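For reference, run-v4.txt (compact mmCIF, C-alpha atoms and all ligand atoms):
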# COMPACT_ATOMS: atom_id res chain seq x y z
CA ALA D 922 0.00 0.00 0.00
CA GLU D 923 1.08 3.56 -0.62
CA ILE D 924 2.25 5.40 2.48
CA ARG D 925 0.50 8.71 2.92
CA LEU D 926 0.79 11.42 5.51
CA ASN D 927 -1.94 11.10 8.11
CA GLU D 928 -4.04 14.25 7.64
CA LYS D 929 -4.99 14.67 11.26
CA PHE D 930 -1.69 13.79 12.93
CA GLY D 931 0.74 14.77 10.19
CA PHE D 932 2.87 11.63 10.40
CA GLU D 933 3.90 8.98 7.93
CA PRO D 934 2.67 5.68 9.37
CA LEU D 935 5.97 3.89 8.76
CA LEU D 936 5.71 1.75 11.88
CA GLY D 937 2.03 1.07 11.22
CA GLN D 938 2.96 0.07 7.70
CA GLN D 939 5.53 -2.36 9.07
CA VAL D 940 2.92 -3.91 11.38
CA TRP D 941 0.43 -4.08 8.53
CA ASP D 942 3.02 -5.70 6.20
CA TRP D 943 3.85 -8.33 8.79
CA CYS D 944 0.14 -9.13 9.14
CA GLU D 945 -0.16 -9.47 5.35
CA GLN D 946 2.93 -11.62 5.05
CA LEU D 947 1.97 -13.91 7.91
CA ALA D 948 -1.44 -14.44 6.32
CA VAL D 949 0.13 -16.34 3.40
CA HIS D 950 0.29 -19.32 5.78
CA SER D 951 -3.14 -20.92 5.92
CA GLU D 952 -4.70 -24.37 6.02
CA GLN D 953 -7.05 -23.39 3.22
CA ASP D 954 -6.44 -21.53 -0.02
CA ASP D 955 -9.34 -19.10 0.27
CA GLY D 956 -9.57 -17.66 3.76
CA LEU D 957 -7.24 -17.67 6.73
CA THR D 958 -7.24 -20.75 8.95
CA VAL D 959 -4.36 -21.40 11.32
CA THR D 960 -5.15 -23.95 14.01
CA TYR D 961 -2.85 -25.37 16.64
CA LEU D 962 0.25 -27.15 15.28
CA SER D 963 -0.98 -27.49 11.70
CA PRO D 964 1.76 -27.06 9.04
CA ALA D 965 0.54 -23.48 8.46
CA HIS D 966 0.73 -22.84 12.22
CA ARG D 967 4.29 -24.14 12.40
CA ALA D 968 5.22 -21.96 9.41
CA CYS D 969 3.82 -18.90 11.21
CA ALA D 970 5.88 -19.65 14.31
CA ALA D 971 9.07 -20.02 12.27
CA GLN D 972 8.34 -16.78 10.39
CA ILE D 973 7.67 -14.76 13.55
CA ALA D 974 10.84 -16.13 15.17
CA GLN D 975 12.83 -15.22 12.06
CA TRP D 976 11.50 -11.64 12.05
CA MET D 977 12.16 -11.25 15.76
CA ALA D 978 15.77 -12.41 15.39
CA ALA D 979 16.72 -10.96 12.01
CA GLU D 980 14.70 -7.74 11.84
CA CYS D 981 14.00 -6.59 15.37
CA GLY D 982 17.19 -7.19 17.34
CA PHE D 983 15.76 -9.30 20.14
CA ASP D 984 18.53 -10.73 22.34
CA GLN D 985 16.87 -14.14 22.70
CA VAL D 986 14.34 -15.77 20.40
CA GLY D 987 12.92 -19.24 20.78
CA ILE D 988 9.91 -21.48 20.29
CA ASP D 989 8.85 -23.08 23.55
CA ALA D 990 7.39 -26.48 24.45
CA VAL D 991 3.81 -25.55 23.50
CA GLY D 992 4.78 -23.60 20.35
CA ASN D 993 4.79 -20.06 21.76
CA VAL D 994 7.36 -17.83 20.07
CA VAL D 995 9.22 -15.88 22.73
CA GLY D 996 11.49 -12.88 22.10
CA VAL D 997 13.38 -11.10 24.86
CA TYR D 998 14.89 -7.63 24.49
CA HIS D 999 17.08 -7.03 27.50
CA GLY D 1000 16.96 -3.96 29.66
CA GLN D 1001 20.10 -1.95 30.54
CA ASP D 1002 20.75 -4.69 33.06
CA PRO D 1003 20.02 -8.05 31.37
CA SER D 1004 18.69 -9.45 34.63
CA ALA D 1005 16.24 -6.55 35.12
CA ARG D 1006 12.55 -7.37 35.49
CA ARG D 1007 10.59 -7.51 32.26
CA LEU D 1008 7.41 -6.16 30.85
CA LEU D 1009 5.48 -9.08 29.38
CA THR D 1010 3.40 -8.44 26.28
CA GLY D 1011 2.01 -10.29 23.27
CA SER D 1012 -1.01 -12.02 21.83
CA HIS D 1013 -1.86 -15.09 19.75
CA TYR D 1014 -0.98 -16.13 16.21
CA ASP D 1015 -3.55 -18.92 15.76
CA THR D 1016 -6.85 -18.01 14.10
CA VAL D 1017 -10.41 -19.25 13.99
CA ARG D 1018 -11.44 -21.08 10.81
CA ASN D 1019 -11.77 -18.51 8.04
CA GLY D 1020 -10.73 -15.71 10.38
CA GLY D 1021 -9.12 -12.29 10.00
CA LYS D 1022 -5.49 -11.22 9.70
CA TYR D 1023 -5.34 -8.98 12.77
CA ASP D 1024 -7.08 -10.84 15.61
CA GLY D 1025 -4.17 -11.67 17.90
CA ARG D 1026 -1.43 -10.81 15.45
CA LEU D 1027 -1.64 -7.04 15.94
CA GLY D 1028 -0.67 -7.64 19.58
CA ILE D 1029 2.48 -9.46 18.50
CA PHE D 1030 3.61 -7.08 15.79
CA VAL D 1031 2.94 -3.78 17.59
CA PRO D 1032 5.45 -4.61 20.36
CA MET D 1033 7.84 -6.11 17.79
CA ALA D 1034 7.79 -2.76 15.95
CA CYS D 1035 8.56 -0.99 19.25
CA VAL D 1036 11.51 -3.28 19.97
CA ARG D 1037 12.75 -2.81 16.42
CA GLU D 1038 12.78 0.95 16.94
CA LEU D 1039 14.56 0.66 20.29
CA PHE D 1040 17.15 -1.62 18.71
CA ARG D 1041 17.69 0.74 15.77
CA GLN D 1042 18.22 3.61 18.18
CA GLY D 1043 20.57 1.48 20.28
CA ARG D 1044 18.28 2.17 23.23
CA ARG D 1045 17.91 0.03 26.33
CA LEU D 1046 15.24 0.65 28.95
CA PRO D 1047 15.54 0.10 32.70
CA PHE D 1048 13.46 -3.07 32.18
CA GLY D 1049 13.44 -5.89 29.67
CA ILE D 1050 10.65 -6.53 27.16
CA GLU D 1051 9.42 -10.07 26.60
CA VAL D 1052 7.14 -10.43 23.58
CA VAL D 1053 5.24 -13.70 23.34
CA ALA D 1054 3.39 -14.86 20.25
CA PHE D 1055 0.96 -17.30 21.88
CA ALA D 1056 0.42 -20.53 19.96
CA GLU D 1057 -3.21 -21.20 20.87
CA GLU D 1058 -5.98 -18.91 22.02
CA GLU D 1059 -8.97 -19.80 19.87
CA GLY D 1060 -9.73 -23.39 20.96
CA GLN D 1061 -10.30 -24.57 17.38
CA ARG D 1062 -8.45 -27.83 16.80
CA TYR D 1063 -8.74 -28.93 20.43
CA PRO D 1064 -11.04 -27.47 23.08
CA ALA D 1065 -7.98 -26.11 24.88
CA THR D 1066 -8.65 -22.38 24.63
CA PHE D 1067 -5.83 -20.10 25.92
CA LEU D 1068 -3.38 -23.00 25.90
CA GLY D 1069 -0.40 -20.74 25.08
CA SER D 1070 -0.94 -18.06 27.71
CA GLY D 1071 -2.26 -20.69 30.15
CA ALA D 1072 1.10 -22.46 29.99
CA LEU D 1073 2.87 -19.26 31.14
CA ALA D 1074 0.38 -18.98 34.00
CA GLY D 1075 1.05 -22.61 35.01
CA GLN D 1076 -2.44 -23.67 33.91
CA PHE D 1077 -1.84 -26.37 31.32
CA ASP D 1078 -4.39 -29.13 31.90
CA PRO D 1079 -2.58 -32.53 31.58
CA ALA D 1080 -5.80 -34.07 30.19
CA TRP D 1081 -5.40 -31.90 27.08
CA LEU D 1082 -2.54 -34.09 25.81
CA GLU D 1083 -4.98 -36.99 25.41
CA GLN D 1084 -7.65 -34.98 23.54
CA VAL D 1085 -8.09 -35.84 19.87
CA ASP D 1086 -8.86 -33.52 16.98
CA GLY D 1087 -11.48 -34.14 14.26
CA ALA D 1088 -9.07 -36.53 12.49
CA GLY D 1089 -8.41 -38.53 15.66
CA ILE D 1090 -4.90 -37.11 16.24
CA SER D 1091 -4.12 -36.59 19.90
CA MET D 1092 -2.52 -33.37 21.05
CA ARG D 1093 0.44 -35.43 22.29
CA ASP D 1094 0.98 -36.83 18.78
CA ALA D 1095 0.45 -33.43 17.17
CA MET D 1096 3.15 -32.02 19.46
CA ARG D 1097 5.54 -34.86 18.63
CA GLN D 1098 4.94 -34.41 14.90
CA ALA D 1099 5.73 -30.72 15.32
CA GLY D 1100 9.01 -31.57 17.02
CA LEU D 1101 7.86 -30.42 20.46
CA PRO D 1102 8.79 -32.54 23.51
CA ALA D 1103 5.16 -33.35 24.42
CA SER D 1104 6.23 -33.76 28.03
CA LEU D 1105 4.36 -32.39 31.02
CA GLU D 1106 7.65 -31.50 32.71
CA ALA D 1107 8.74 -29.35 29.77
CA ILE D 1108 5.34 -27.64 29.70
CA ALA D 1109 5.26 -27.08 33.46
CA ALA D 1110 8.68 -25.41 33.16
CA LEU D 1111 7.10 -22.65 31.03
CA ALA D 1112 5.28 -21.23 34.06
CA ARG D 1113 6.66 -17.76 34.75
CA ASP D 1114 7.73 -16.40 38.11
CA PRO D 1115 5.64 -13.24 38.57
CA ALA D 1116 8.45 -11.68 40.64
CA GLN D 1117 10.47 -11.35 37.43
CA TYR D 1118 7.83 -9.30 35.62
CA LEU D 1119 6.40 -5.82 35.95
CA GLY D 1120 3.03 -6.69 34.41
CA PHE D 1121 1.31 -7.79 31.20
CA VAL D 1122 -0.05 -5.55 28.48
CA GLU D 1123 -1.82 -6.71 25.33
CA VAL D 1124 -2.73 -4.76 22.20
CA HIS D 1125 -5.70 -6.23 20.30
CA ILE D 1126 -8.06 -5.27 17.53
CA GLU D 1127 -11.40 -4.42 19.18
CA GLN D 1128 -13.47 -7.02 17.30
CA GLY D 1129 -16.57 -4.96 17.92
CA PRO D 1130 -18.30 -1.77 16.71
CA VAL D 1131 -17.65 0.67 19.56
CA LEU D 1132 -14.48 2.51 18.47
CA ASP D 1133 -15.48 2.57 14.81
CA GLY D 1134 -18.84 4.02 15.82
CA LEU D 1135 -17.14 6.77 17.85
CA ASP D 1136 -14.50 7.35 15.16
CA LEU D 1137 -11.73 6.68 17.68
CA PRO D 1138 -8.57 4.76 16.77
CA LEU D 1139 -7.73 3.49 20.27
CA GLY D 1140 -9.62 2.44 23.39
CA SER D 1141 -8.73 1.51 26.96
CA VAL D 1142 -10.09 -1.85 28.12
CA SER D 1143 -11.73 -1.71 31.54
CA SER D 1144 -12.39 -5.44 31.94
CA ILE D 1145 -12.57 -8.66 29.91
CA ASN D 1146 -15.89 -10.47 30.07
CA GLY D 1147 -15.83 -13.95 31.55
CA SER D 1148 -16.99 -16.94 29.54
CA ARG D 1149 -18.17 -20.49 30.01
CA ARG D 1150 -18.10 -23.04 27.22
CA TYR D 1151 -19.58 -26.51 26.92
CA LEU D 1152 -19.66 -29.37 24.42
CA GLY D 1153 -22.87 -31.38 24.48
CA GLN D 1154 -24.66 -34.18 22.74
CA ILE D 1155 -28.35 -35.04 22.56
CA ASN D 1156 -29.14 -38.72 22.00
CA GLY D 1157 -32.39 -39.81 20.36
CA GLN D 1158 -33.07 -42.59 17.91
CA ALA D 1159 -32.16 -42.67 14.23
CA SER D 1160 -35.07 -44.04 12.19
CA HIS D 1161 -36.59 -43.96 8.72
CA ALA D 1162 -37.63 -40.46 7.64
CA GLY D 1163 -40.41 -41.81 5.44
CA THR D 1164 -42.00 -44.29 7.80
CA THR D 1165 -41.58 -42.88 11.32
CA PRO D 1166 -44.75 -40.90 12.18
CA MET D 1167 -44.08 -37.46 13.63
CA ALA D 1168 -45.50 -38.47 17.02
CA LEU D 1169 -43.17 -41.45 17.35
CA ARG D 1170 -39.91 -39.71 16.54
CA ARG D 1171 -37.02 -39.22 18.93
CA ASP D 1172 -35.33 -36.47 16.95
CA ALA D 1173 -32.14 -35.11 18.53
CA ALA D 1174 -31.82 -32.16 16.14
CA THR D 1175 -35.27 -30.67 16.80
CA ALA D 1176 -34.44 -30.81 20.51
CA ALA D 1177 -31.24 -28.89 19.81
CA ALA D 1178 -33.26 -26.37 17.81
CA GLU D 1179 -35.45 -25.75 20.86
CA LEU D 1180 -32.33 -25.18 22.94
CA LEU D 1181 -30.95 -22.70 20.40
CA LEU D 1182 -34.10 -20.62 20.46
CA PHE D 1183 -34.31 -20.76 24.23
CA LEU D 1184 -30.75 -19.46 24.56
CA GLU D 1185 -31.40 -16.69 22.04
CA ARG D 1186 -34.43 -15.48 24.00
CA ARG D 1187 -32.81 -15.88 27.41
CA ALA D 1188 -29.62 -14.00 26.51
CA ALA D 1189 -31.53 -11.20 24.81
CA GLN D 1190 -33.29 -10.41 28.11
CA VAL D 1191 -30.15 -8.96 29.72
CA PRO D 1192 -27.93 -6.23 28.25
CA ASP D 1193 -24.30 -7.39 27.82
CA LEU D 1194 -25.27 -11.07 28.10
CA VAL D 1195 -24.52 -13.14 24.98
CA GLY D 1196 -25.13 -16.82 24.26
CA THR D 1197 -24.05 -18.72 21.14
CA ILE D 1198 -24.40 -22.25 19.80
CA GLY D 1199 -21.69 -22.09 17.15
CA LEU D 1200 -21.13 -25.79 16.58
CA LEU D 1201 -24.16 -27.84 15.62
CA GLU D 1202 -23.93 -31.14 13.82
CA VAL D 1203 -25.81 -34.33 13.16
CA PRO D 1204 -22.95 -36.83 12.94
CA ASN D 1205 -23.42 -39.23 9.98
CA GLY D 1206 -26.73 -37.55 9.22
CA SER D 1207 -28.72 -38.39 6.10
CA VAL D 1208 -31.46 -36.72 4.12
CA ASN D 1209 -33.76 -39.69 4.82
CA VAL D 1210 -32.91 -40.43 8.46
CA VAL D 1211 -34.46 -38.84 11.57
CA PRO D 1212 -31.46 -37.41 13.47
CA GLY D 1213 -30.50 -39.85 16.21
CA CYS D 1214 -27.72 -37.68 17.61
CA CYS D 1215 -26.96 -33.97 17.65
CA ARG D 1216 -23.75 -32.43 18.93
CA PHE D 1217 -23.52 -28.80 19.90
CA SER D 1218 -21.39 -26.23 21.67
CA LEU D 1219 -22.44 -23.54 24.13
CA ASP D 1220 -20.62 -20.24 24.70
CA ILE D 1221 -22.13 -17.87 27.26
CA ARG D 1222 -20.53 -14.58 28.32
CA ALA D 1223 -21.34 -11.46 30.26
CA THR D 1224 -19.61 -8.55 31.96
CA SER D 1225 -20.77 -10.02 35.28
CA ASP D 1226 -19.90 -13.65 36.08
CA ALA D 1227 -23.08 -13.97 38.17
CA VAL D 1228 -25.27 -12.88 35.25
CA ARG D 1229 -23.46 -15.31 32.99
CA ASP D 1230 -23.75 -18.19 35.46
CA ALA D 1231 -27.50 -17.62 35.90
CA CYS D 1232 -27.94 -17.93 32.14
CA VAL D 1233 -25.80 -21.09 32.10
CA ALA D 1234 -27.92 -22.64 34.87
CA ASP D 1235 -31.18 -21.78 33.06
CA THR D 1236 -29.87 -23.16 29.77
CA LEU D 1237 -28.74 -26.46 31.32
CA ALA D 1238 -32.08 -26.79 33.12
CA GLU D 1239 -33.92 -26.13 29.85
CA LEU D 1240 -31.80 -28.80 28.10
CA GLN D 1241 -32.87 -31.26 30.80
CA ARG D 1242 -36.56 -30.32 30.37
CA ILE D 1243 -36.46 -30.52 26.58
CA CYS D 1244 -34.85 -33.95 26.67
CA GLU D 1245 -37.28 -35.29 29.30
CA ARG D 1246 -40.30 -34.06 27.37
CA ARG D 1247 -39.02 -35.62 24.16
CA GLY D 1248 -37.73 -38.86 25.71
CA LEU D 1249 -34.11 -38.15 24.80
CA GLY D 1250 -30.81 -38.53 26.61
CA HIS D 1251 -27.99 -36.01 26.77
CA GLU D 1252 -24.42 -35.48 27.89
CA ILE D 1253 -22.69 -32.17 28.44
CA ARG D 1254 -19.24 -31.17 29.68
CA GLN D 1255 -17.68 -27.82 30.42
CA THR D 1256 -14.61 -26.98 28.34
CA LEU D 1257 -13.88 -23.48 29.58
CA CYS D 1258 -14.67 -21.39 32.62
CA ALA D 1259 -12.88 -18.05 32.55
CA ALA D 1260 -13.68 -15.45 35.18
CA ALA D 1261 -14.11 -11.81 34.20
CA ALA D 1262 -10.75 -10.05 34.30
CA PRO D 1263 -10.91 -6.39 35.31
CA SER D 1264 -7.86 -4.38 34.25
CA ALA D 1265 -5.33 -3.46 36.92
CA PRO D 1266 -6.09 0.23 37.59
CA ALA D 1267 -2.44 1.33 37.51
CA TRP D 1268 -1.86 -0.35 34.16
CA GLN D 1269 -5.11 0.86 32.65
CA ALA D 1270 -4.04 4.35 33.73
CA ARG D 1271 -0.72 3.85 31.92
CA TRP D 1272 -2.52 3.07 28.67
CA GLU D 1273 -4.81 6.04 29.16
CA ARG D 1274 -1.88 8.35 29.80
CA ALA D 1275 -0.26 7.04 26.62
CA VAL D 1276 -3.41 7.58 24.55
CA ALA D 1277 -3.85 11.08 25.97
CA ALA D 1278 -0.20 11.88 25.23
CA LEU D 1279 -0.96 11.23 21.55
CA GLY D 1280 -3.66 13.88 21.73
CA LEU D 1281 -6.47 11.35 21.49
CA PRO D 1282 -9.63 11.20 23.61
CA VAL D 1283 -9.57 8.39 26.17
CA HIS D 1284 -12.49 6.02 25.82
CA ARG D 1285 -13.00 3.05 28.16
CA LEU D 1286 -14.80 -0.08 27.11
CA PRO D 1287 -15.19 -3.67 28.31
CA SER D 1288 -14.02 -6.52 26.08
CA GLY D 1289 -16.71 -8.91 24.94
CA ALA D 1290 -14.09 -11.21 23.40
CA GLY D 1291 -11.74 -13.39 25.41
CA HIS D 1292 -8.00 -12.69 25.38
CA ASP D 1293 -4.69 -14.09 26.55
CA ALA D 1294 -4.64 -11.32 29.16
CA MET D 1295 -7.36 -13.29 31.01
CA LYS D 1296 -4.85 -16.03 31.76
CA LEU D 1297 -1.99 -13.72 32.67
CA HIS D 1298 -4.48 -11.89 34.89
CA ASP D 1299 -4.13 -14.74 37.37
CA MET D 1300 -0.44 -13.99 37.94
CA LEU D 1301 0.29 -10.41 36.89
CA PRO D 1302 -1.43 -7.03 36.78
CA GLN D 1303 -2.73 -6.64 33.23
CA ALA D 1304 -4.41 -4.12 30.96
CA MET D 1305 -5.25 -4.06 27.28
CA LEU D 1306 -5.32 -1.46 24.51
CA PHE D 1307 -7.94 -1.85 21.78
CA VAL D 1308 -7.36 -0.76 18.20
CA ARG D 1309 -10.36 0.15 16.08
CA GLY D 1310 -11.59 -2.48 13.65
CA LEU D 1311 -13.02 -1.07 10.42
CA ASN D 1312 -16.42 -2.09 9.01
CA ALA D 1313 -18.07 -1.84 12.44
CA GLY D 1314 -15.33 -4.02 13.87
CA ILE D 1315 -16.40 -7.23 12.17
CA SER D 1316 -14.16 -10.07 13.39
CA HIS D 1317 -13.85 -13.86 13.26
CA ASN D 1318 -14.55 -13.13 9.63
CA PRO D 1319 -12.21 -12.54 6.66
CA LEU D 1320 -13.58 -8.97 6.42
CA GLU D 1321 -11.78 -8.04 9.65
CA SER D 1322 -9.73 -4.96 8.86
CA THR D 1323 -7.59 -2.17 10.29
CA SER D 1324 -5.60 0.74 8.86
CA CYS D 1325 -1.89 1.56 8.83
CA ASP D 1326 -2.73 4.83 10.60
CA ASP D 1327 -4.45 3.05 13.48
CA ALA D 1328 -1.64 0.50 13.72
CA GLU D 1329 0.81 3.42 13.81
CA LEU D 1330 -1.08 5.01 16.70
CA ALA D 1331 -1.05 1.69 18.54
CA VAL D 1332 2.73 1.46 18.16
CA ARG D 1333 3.08 5.07 19.32
CA ALA D 1334 0.84 4.41 22.31
CA LEU D 1335 2.99 1.47 23.35
CA GLN D 1336 6.11 3.60 22.87
CA GLN D 1337 4.56 6.20 25.16
CA LEU D 1338 3.74 3.57 27.75
CA LEU D 1339 7.33 2.27 27.62
CA ASP D 1340 8.77 5.76 27.94
CA HIS D 1341 6.56 6.59 30.90
CA LEU D 1342 7.36 3.27 32.55
CA ALA D 1343 11.08 3.95 32.06
CA LYS D 1344 10.70 7.17 34.06
CA ASP D 1345 8.55 5.67 36.85
C1 LIG H 1401 -11.75 -15.76 21.23
O1 LIG H 1401 -11.51 -15.10 20.22
C2 LIG H 1401 -13.01 -15.60 21.87
O2 LIG H 1401 -13.21 -14.58 22.54
O3 LIG H 1401 -13.87 -16.45 21.64
MN MN H 1402 -10.37 -14.55 18.07
MN MN H 1403 -7.85 -12.68 19.63
MN MN H 1404 -9.84 -14.46 21.06
Can you dump the structure from the file as structure tokens?
Ligand code: GLV
Ligand code: MN
Ligand code: MN
Ligand code: MN
Amino acid sequence: AEIRLNEKFGFEPLLGQQVWDWCEQLAVHSEQDDGLTVTYLSPAHRACAAQIAQWMAAECGFDQVGIDAVGNVVGVYHGQDPSARRLLTGSHYDTVRNGGKYDGRLGIFVPMACVRELFRQGRRLPFGIEVVAFAEEEGQRYPATFLGSGALAGQFDPAWLEQVDGAGISMRDAMRQAGLPASLEAIAALARDPAQYLGFVEVHIEQGPVLDGLDLPLGSVSSINGSRRYLGQINGQASHAGTTPMALRRDAATAAAELLLFLERRAAQVPDLVGTIGLLEVPNGSVNVVPGCCRFSLDIRATSDAVRDACVADTLAELQRICERRGLGHEIRQTLCAAAAPSAPAWQARWERAVAALGLPVHRLPSGAGHDAMKLHDMLPQAMLFVRGLNAGISHNPLESTSCDDAELAVRALQQLLDHLAKD
């Protein structure tokens, strides 16, 4: 793209352009030709990790670069004293199926651009900077959401190694095939000692309409909404579609349809509460067979954990009622329970000071999406900066989009935060 002077701020977005170029170049690695799909430890995923590590080492001047036992890419830029405490920052490089180029990746490349500038200027800060490109945040190939950041927080669930993907490949085997040790000891060793870190900051595209609606490039995240996720299955009886009278059917899919509509109504009753059944399948279904089985997912989120949990309880009770009334069985298991993560006030204030220093209005907003910061929240003070998404912030969609100017402002905001922190 052509680099033009930003009319309002009068700068050339050279750093934003760099971030944008990295996003473009990383997006050549995908599991599908049309659309961006990068799920945990696929060949495209491994190629992304190698590419990020190469850029960190060859273009940005990090002192240490490596790929860890779960596939996170870790770059360390030392402070004036190499043993000084570090600021931890980063985001994820995996994507949802047919996702966007910026979700996660912006939060890797913005700090990489900052380190690159520091390196070019020969500048060292009183603290180190550790940038982590997290391997897994989206829970796509395995229901192991936040695996990458969870490993740093000492929250890797050993049962995950035994989980299998859609092709029957266990995570243990996927790790071995990727050349990772697949050992619980090696993974446990990734847990960070909070005493060695100042805090965690994450830059992320907003993935929602708020900043675009207000025509603001940056926003300060006040809290990350908590989420619960489940995988369930309704069991009925497969039978002939032409001969089974309507009254005698035990149709698992129509039961699931009732649940879908219940959740839609229930969630709509409360502002900020959202409920989604994003996976819905009739395994081995046929045009002429009454569905004997229906598998589904549940994802329920709210700003308040209590509001969310009340909706979860009502939805599970409704599932029970629907199945009893229709003479069906069901199974359901929780795959994620993440508590709401309010930003650490001191760190949120640092972002706000940085945004204000750029001459921008400070706007606070909660995050409806989940983020790696939720996991680091358990061990370090954390706060996030949101970058406007264009087209009303559409995300988890190939239309996700940002501008070089907004990426530039994100880099400049992080530079401000680093400068202020250096003086603290
Ligand atoms: C991850 O992107 C999530 O919030 O679902
Ligand atoms: Mn996402
Ligand atoms: Mn994300
Ligand atoms: Mn996410």
Contacts of range 1101-1115 of chain D at 6 Å (all atoms listed in the file; same-chain gap of 6+ positions) as a VMD selection string: chain D and resid 990 1072 to 1075 1093
I'd like the neighbourhood of Cys969 in chain D as a list in words, where a residue qualifies if any of its atoms comes within 8 Å (using only C-alpha atoms), though same-chain residues fewer than 2 positions away should be ignored.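 Skipping anything fewer than 2 positions along the chain leaves Leu947, His950, Ala965, His966, Arg967, Ala971, Gln972, Ile973 and Tyr1014 of chain D.
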The selected residues should be written to file as a PDB file, in the coordinates of the input (atoms: C-alpha atoms).
ATOM      1  CA  LEU D 947       1.970 -13.910   7.910  1.00  0.00           C
ATOM      2  CA  HIS D 950       0.290 -19.320   5.780  1.00  0.00           C
ATOM      3  CA  ALA D 965       0.540 -23.480   8.460  1.00  0.00           C
ATOM      4  CA  HIS D 966       0.730 -22.840  12.220  1.00  0.00           C
ATOM      5  CA  ARG D 967       4.290 -24.140  12.400  1.00  0.00           C
ATOM      6  CA  ALA D 971       9.070 -20.020  12.270  1.00  0.00           C
ATOM      7  CA  GLN D 972       8.340 -16.780  10.390  1.00  0.00           C
ATOM      8  CA  ILE D 973       7.670 -14.760  13.550  1.00  0.00           C
ATOM      9  CA  TYR D1014      -0.980 -16.130  16.210  1.00  0.00           C
TER      10      TYR D1014
END
Select the residues contacting ligand LIG 1401 (chain H) at a distance of at most 6 Å, based on all atoms listed in the file, then format the selection as a PyMOL selection string. chain D and resi 1059+1290-1291
Restricting it to C-alpha atoms, dump the selection as a tab-separated table (two decimals), in the frame of the given file.
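In the end it all went to part.tsv:
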chain	number	residue	atom	x	y	z
D	1059	GLU	CA	-8.97	-19.80	19.87
D	1290	ALA	CA	-14.09	-11.21	23.40
D	1291	GLY	CA	-11.74	-13.39	25.41
If you count all atoms listed in the file, which residues end up within 9 Å of ligand MN 1404 (chain H), as a PyMOL selection string? chain D and resi 1013+1016-1017+1024-1025+1058-1060+1066-1067+1290-1293+1317
Identify the residues within 7 Å of coordinate (-14.2, -2.4, 15.4) (same frame as the file), considering all atoms listed in the file, and give the answer as a PyMOL selection string. chain D and resi 1127-1133+1309-1315
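Note that the spacing between CA of Arg1045 in chain D and CA of Ala1343 in chain D amounts to 9.7 Å.
With all atoms listed in the file as the atoms that count, the residue of D:Asp1327, D:Asp1193, D:Glu1185, D:Glu1321 with the shortest distance to ligand MN 1403 (chain H) is D:Glu1321.
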Using Å and a single decimal, report how far CA of Gly1071 in chain D sits from CA of Lys1296 in chain D. 5.6 Å
So that I can check the surroundings of Gly1157 in chain D, please list as a CSV table (one decimal) with C-alpha atoms, in the coordinates of the input every protein, DNA and RNA residue that reaches within 8 Å of it, counting all atoms listed in the file and ignoring chain neighbours fewer than 6 positions away.
chain,number,residue,atom,x,y,z
D,1171,ARG,CA,-37.0,-39.2,18.9
D,1172,ASP,CA,-35.3,-36.5,17.0
D,1173,ALA,CA,-32.1,-35.1,18.5
D,1212,PRO,CA,-31.5,-37.4,13.5
D,1213,GLY,CA,-30.5,-39.8,16.2
D,1214,CYS,CA,-27.7,-37.7,17.6
D,1248,GLY,CA,-37.7,-38.9,25.7
D,1249,LEU,CA,-34.1,-38.2,24.8
D,1250,GLY,CA,-30.8,-38.5,26.6
Atom-to-atom span, CA of Asn1318 in chain D and CA of Glu1051 in chain D, Å: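 Result for CA of Asn1318 in chain D versus CA of Glu1051 in chain D: 29.5 Å, one decimal.
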Got a sec: who's within 9 Å of Leu1139 in chain D, counting only C-alpha atoms, leaving out chain neighbours fewer than 2 positions off, as a list in words? Glu1127, Leu1132, Leu1137, Ser1141, Val1276, Leu1281, Pro1282, Val1283, His1284, Leu1306, Phe1307, Val1308, Arg1309, Asp1327, Leu1330, Ala1331 and Ala1334 of chain D
